[in-house]
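Take a look at the structure set out below.
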Amino acid sequence: MRILSYIYFLVTLMRNFLYDKKILPIRRLSNVKIICIGNISVGGTGKTPAVHFFVKKLLAEGKKVAVISRGYKGKRKREPLLVSDGMIIFATSQESGDEPYIHALNLKVPVIVGANRYKACSFAKKHFDIDTIVLDDGFQHRKLYRDIDVVLIDATNPFGGGYLLPLGLLREDFKNAVKRASEFIITKADLINERELKRIKNYFKKKFKKEVSIAKHGVSKLCDLKGNMKPLFWVKGKRVLIFSGLANPLNFEKTVISLAPSYIERIDFKDHHNFKAKDISLIKKKAEKMEADYVITTEKDLVKLPENLNMNNLYVLKIEFSMLEDNTLKEMKG
């Protein structure tokens, strides 16, 4: 693992060097501002709700916005793929990937996926009257020029374990990567104590001389499979089974624990897991064995569940990204 991690370090270091020295070309889209929401570690920083926050923030400022994503694990026949025009959803979650589909469900803006982000952005510019693009998870995609790189830092694991993949969680060398960032957001700040939060904030602000914002991922609502809202206090004092396909399921568990269930158990699947009938059978058997009052999953996992699923006690916990200290996008105002 250590050898593989070192090889990965050398490859990413050389790749970034070639882009930094302009040996490899970086393409720029004219007359459109591009704001990238990304991270340095694998998963778990809260990019999806952060994208929603920025889209709504930009719309409130009168911007005409589109969301562009790679569409990780999406099985599509054409590139780029229009997931939504802001009114109608044209693709399934299997075609688009789960995050873009969630964007389409929650945002009234065009959502487009493509491995070539420049072509996807050009498609958005050509077919929609936009002036701003929010690029979902594109910090390592150096081929496309961005006006602002917003880097999310998970408060519960700010340095990605200190090692690159596969030994650790880092996608590239930490110290070199943060130099490219325009600004930072420390996410999930509500899951650590104030002293630790202050230490992390001071490190990024003093070390890199860039704006630092602080956000939390609070519980927004509890919904059944039809989207009907249920009171959050239902969970208090109940026996709960949770399941998810997340990079960091522990944070999901901490969030559910904050609702004060009397007992909780957890089933973990791989990140971006596509749920099959055998998975649902496993979940049902586990819930029955532990006499669970409720089974709870995430919005990200909801879109990957089989259609016509029959589980009366299954609920979806929706999470809202909210700022505790908002110093974002000052460069656009300056």
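By order of appearance in the structure tokens: chains A, B, ..., then residues from 1 within every chain, and ligands from 1 in the order shown.
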Go through segment 192-298 of chain A residue by residue and, counting only C-alpha atoms, keep those with an atom at most 12 Å from segment 306-316 of chain A; for each kept residue give the shortest atom pair and its distance in Å to one decimal, ordered by chain and increasing number, as JSON lines.
```
{"residue": "A:Val219", "atom": "CA", "partner": "A:Val316", "partner_atom": "CA", "distance": 10.9}
{"residue": "A:Ser220", "atom": "CA", "partner": "A:Val316", "partner_atom": "CA", "distance": 10.6}
{"residue": "A:Lys221", "atom": "CA", "partner": "A:Val316", "partner_atom": "CA", "distance": 8.3}
{"residue": "A:Leu222", "atom": "CA", "partner": "A:Val316", "partner_atom": "CA", "distance": 5.7}
{"residue": "A:Cys223", "atom": "CA", "partner": "A:Val316", "partner_atom": "CA", "distance": 5.2}
{"residue": "A:Asp224", "atom": "CA", "partner": "A:Tyr315", "partner_atom": "CA", "distance": 4.7}
{"residue": "A:Leu225", "atom": "CA", "partner": "A:Tyr315", "partner_atom": "CA", "distance": 6.4}
{"residue": "A:Lys226", "atom": "CA", "partner": "A:Tyr315", "partner_atom": "CA", "distance": 9.5}
{"residue": "A:Gly227", "atom": "CA", "partner": "A:Val316", "partner_atom": "CA", "distance": 8.6}
{"residue": "A:Asn228", "atom": "CA", "partner": "A:Tyr315", "partner_atom": "CA", "distance": 9.7}
{"residue": "A:Met229", "atom": "CA", "partner": "A:Val316", "partner_atom": "CA", "distance": 9.5}
{"residue": "A:Lys230", "atom": "CA", "partner": "A:Tyr315", "partner_atom": "CA", "distance": 8.9}
{"residue": "A:Pro231", "atom": "CA", "partner": "A:Tyr315", "partner_atom": "CA", "distance": 11.3}
{"residue": "A:Leu232", "atom": "CA", "partner": "A:Tyr315", "partner_atom": "CA", "distance": 10.8}
{"residue": "A:Trp234", "atom": "CA", "partner": "A:Tyr315", "partner_atom": "CA", "distance": 11.1}
{"residue": "A:Val235", "atom": "CA", "partner": "A:Tyr315", "partner_atom": "CA", "distance": 10.5}
{"residue": "A:Arg239", "atom": "CA", "partner": "A:Asn313", "partner_atom": "CA", "distance": 11.5}
{"residue": "A:Val240", "atom": "CA", "partner": "A:Asn313", "partner_atom": "CA", "distance": 10.0}
{"residue": "A:Leu241", "atom": "CA", "partner": "A:Leu314", "partner_atom": "CA", "distance": 9.4}
{"residue": "A:Ile242", "atom": "CA", "partner": "A:Leu314", "partner_atom": "CA", "distance": 9.4}
{"residue": "A:Phe243", "atom": "CA", "partner": "A:Val316", "partner_atom": "CA", "distance": 10.4}
{"residue": "A:Ser244", "atom": "CA", "partner": "A:Val316", "partner_atom": "CA", "distance": 10.6}
{"residue": "A:Phe252", "atom": "CA", "partner": "A:Val316", "partner_atom": "CA", "distance": 11.7}
{"residue": "A:Val256", "atom": "CA", "partner": "A:Val316", "partner_atom": "CA", "distance": 11.0}
{"residue": "A:His273", "atom": "CA", "partner": "A:Pro306", "partner_atom": "CA", "distance": 11.9}
{"residue": "A:Asn274", "atom": "CA", "partner": "A:Pro306", "partner_atom": "CA", "distance": 8.7}
{"residue": "A:Phe275", "atom": "CA", "partner": "A:Pro306", "partner_atom": "CA", "distance": 6.7}
{"residue": "A:Lys276", "atom": "CA", "partner": "A:Pro306", "partner_atom": "CA", "distance": 6.8}
{"residue": "A:Ala277", "atom": "CA", "partner": "A:Pro306", "partner_atom": "CA", "distance": 7.4}
{"residue": "A:Lys278", "atom": "CA", "partner": "A:Pro306", "partner_atom": "CA", "distance": 10.8}
{"residue": "A:Asp279", "atom": "CA", "partner": "A:Pro306", "partner_atom": "CA", "distance": 10.0}
{"residue": "A:Ile280", "atom": "CA", "partner": "A:Pro306", "partner_atom": "CA", "distance": 8.6}
{"residue": "A:Ser281", "atom": "CA", "partner": "A:Met311", "partner_atom": "CA", "distance": 10.7}
{"residue": "A:Ile283", "atom": "CA", "partner": "A:Met311", "partner_atom": "CA", "distance": 10.1}
{"residue": "A:Lys284", "atom": "CA", "partner": "A:Met311", "partner_atom": "CA", "distance": 8.2}
{"residue": "A:Lys285", "atom": "CA", "partner": "A:Met311", "partner_atom": "CA", "distance": 11.8}
{"residue": "A:Ala287", "atom": "CA", "partner": "A:Asn313", "partner_atom": "CA", "distance": 9.6}
{"residue": "A:Glu288", "atom": "CA", "partner": "A:Asn313", "partner_atom": "CA", "distance": 11.0}
{"residue": "A:Glu291", "atom": "CA", "partner": "A:Asn313", "partner_atom": "CA", "distance": 11.3}
{"residue": "A:Ala292", "atom": "CA", "partner": "A:Asn313", "partner_atom": "CA", "distance": 8.7}
{"residue": "A:Asp293", "atom": "CA", "partner": "A:Asn313", "partner_atom": "CA", "distance": 7.0}
{"residue": "A:Tyr294", "atom": "CA", "partner": "A:Asn313", "partner_atom": "CA", "distance": 5.1}
{"residue": "A:Val295", "atom": "CA", "partner": "A:Leu314", "partner_atom": "CA", "distance": 4.7}
{"residue": "A:Ile296", "atom": "CA", "partner": "A:Tyr315", "partner_atom": "CA", "distance": 4.9}
{"residue": "A:Thr297", "atom": "CA", "partner": "A:Val316", "partner_atom": "CA", "distance": 5.1}
{"residue": "A:Thr298", "atom": "CA", "partner": "A:Val316", "partner_atom": "CA", "distance": 5.4}
```
For Lys126 of chain A: contacts at 12 Å, only C-alpha atoms, fewer than 2 positions along chain excluded, given as a list in words: Leu29, Ser30, Asn31, Val32, Ala66, Lys119, Ala120, Cys121, Ser122, Phe123, Ala124, Phe128, Asp129, Ile130 and Asp131 of chain A
Which of segment 54-294 of chain A DSSP labels helix (DSSP H, G or I), written as JSON, numbers by chain: {"A": [54, 55, 56, 57, 58, 59, 60, 93, 94, 95, 96, 98, 99, 100, 101, 102, 103, 104, 105, 106, 117, 118, 119, 120, 121, 122, 123, 124, 125, 126, 127, 160, 161, 162, 174, 175, 176, 177, 178, 179, 180, 189, 190, 191, 194, 195, 196, 197, 198, 199, 200, 201, 202, 203, 204, 205, 206, 207, 208, 232, 233, 234, 235, 249, 250, 251, 252, 253, 254, 255, 256, 257, 277, 278, 279, 280, 281, 282, 283, 284, 285, 286, 287, 288, 289]}
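When only C-alpha atoms are used to measure the gap to Asp190 of chain A, the shortest distance among A:Glu172, A:Asp154, A:Glu99, A:Glu211 belongs to A:Asp154.
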Nearby residues (only C-alpha atoms) at most 12 Å from Leu4 of chain A, same-chain spacing under 4 positions excluded, as JSON, numbers by chain: {"A": [8, 9, 10, 11, 163, 164, 165, 166, 167, 168]}
Contacts of segment 118-197 of chain A with segment 48-59 of chain A up to 12 Å, shortest pair per row, only C-alpha atoms, as a Markdown table:
```
| residue | atom | partner | partner_atom | distance |
| --- | --- | --- | --- | --- |
| A:Ile130 | CA | A:Leu59 | CA | 10.9 |
| A:Asp131 | CA | A:Leu58 | CA | 10.4 |
| A:Thr132 | CA | A:Leu58 | CA | 8.3 |
| A:Ile133 | CA | A:Val55 | CA | 8.8 |
| A:Val134 | CA | A:Val55 | CA | 7.0 |
| A:Leu135 | CA | A:Val51 | CA | 8.2 |
| A:Asp136 | CA | A:Val51 | CA | 6.7 |
| A:Asp137 | CA | A:Thr48 | CA | 8.9 |
| A:Gly138 | CA | A:Val51 | CA | 11.8 |
| A:Val150 | CA | A:Ala50 | CA | 10.0 |
| A:Val151 | CA | A:Ala50 | CA | 10.5 |
| A:Leu152 | CA | A:Ala50 | CA | 8.7 |
| A:Ile153 | CA | A:Ala50 | CA | 11.6 |
| A:Ile185 | CA | A:Ala50 | CA | 9.5 |
| A:Ile186 | CA | A:Ala50 | CA | 11.1 |
| A:Thr187 | CA | A:Ala50 | CA | 9.0 |
| A:Lys188 | CA | A:Ala50 | CA | 11.1 |
```
Which of A:Phe208, A:Val65, A:Glu79, A:Arg266 sits closest to Pro249 of chain A [using only C-alpha atoms]: A:Arg266
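When only C-alpha atoms are used to compute distances to Ile35 of chain A, the closest of the residues A:Glu320, A:Glu196, A:Asp147, A:Glu183 turns out to be A:Asp147.
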Sel. of strand (DSSP E) residues, segment 155-272 of chain A, as an MDAnalysis selection string: chainID A and resid 183:187 211:223 229:230 239:244 263:268
Go ahead and dump the residues you just picked, C-alpha atoms, as a short mmCIF file (atom, residue, chain, number, x, y, z; two decimals), in the first residue's frame.
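The result, written out as selection.cif:
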```
data_model
loop_
_atom_site.label_atom_id
_atom_site.label_comp_id
_atom_site.auth_asym_id
_atom_site.auth_seq_id
_atom_site.Cartn_x
_atom_site.Cartn_y
_atom_site.Cartn_z
CA GLU A 183 -10.80 29.76 -0.50
CA PHE A 184 -11.73 27.09 2.04
CA ILE A 185 -14.90 25.93 3.75
CA ILE A 186 -14.55 23.82 6.88
CA THR A 187 -17.57 21.53 6.69
CA GLU A 211 -10.62 33.19 3.15
CA VAL A 212 -12.00 30.49 5.44
CA SER A 213 -15.71 29.88 5.94
CA ILE A 214 -17.37 27.46 8.36
CA ALA A 215 -20.40 25.29 7.61
CA LYS A 216 -22.48 22.62 9.28
CA HIS A 217 -24.60 19.82 7.87
CA GLY A 218 -27.74 19.95 9.98
CA VAL A 219 -30.76 17.70 9.74
CA SER A 220 -33.30 19.31 7.42
CA LYS A 221 -36.22 16.88 7.43
CA LEU A 222 -37.35 13.28 7.60
CA CYS A 223 -39.41 12.01 4.66
CA MET A 229 -42.42 15.07 5.67
CA LYS A 230 -42.45 13.46 9.11
CA ARG A 239 -34.84 1.58 17.76
CA VAL A 240 -33.26 2.58 14.47
CA LEU A 241 -31.38 0.79 11.70
CA ILE A 242 -29.44 3.00 9.29
CA PHE A 243 -27.83 2.00 5.99
CA SER A 244 -25.85 3.90 3.38
CA TYR A 263 -30.72 2.12 20.05
CA ILE A 264 -28.99 2.23 16.67
CA GLU A 265 -27.29 -0.23 14.33
CA ARG A 266 -25.63 0.45 10.96
CA ILE A 267 -25.15 -1.40 7.66
CA ASP A 268 -22.43 -0.01 5.37
#
```
Residues within 6 Å of Tyr72 of chain A, only C-alpha atoms, excluding chain neighbours under 2 positions, as a compact mmCIF listing (two decimals) with C-alpha atoms, in the first residue's frame:
```txt
# COMPACT_ATOMS: atom_id res chain seq x y z
CA ARG A 70 -18.38 14.35 -14.21
CA GLY A 74 -23.11 7.02 -14.56
CA GLY A 97 -24.72 9.16 -11.49
```
Selection near Ser262 of chain A, 7 Å with only C-alpha atoms, sequence-local residues under 6 positions removed, as a count of residues only: 4
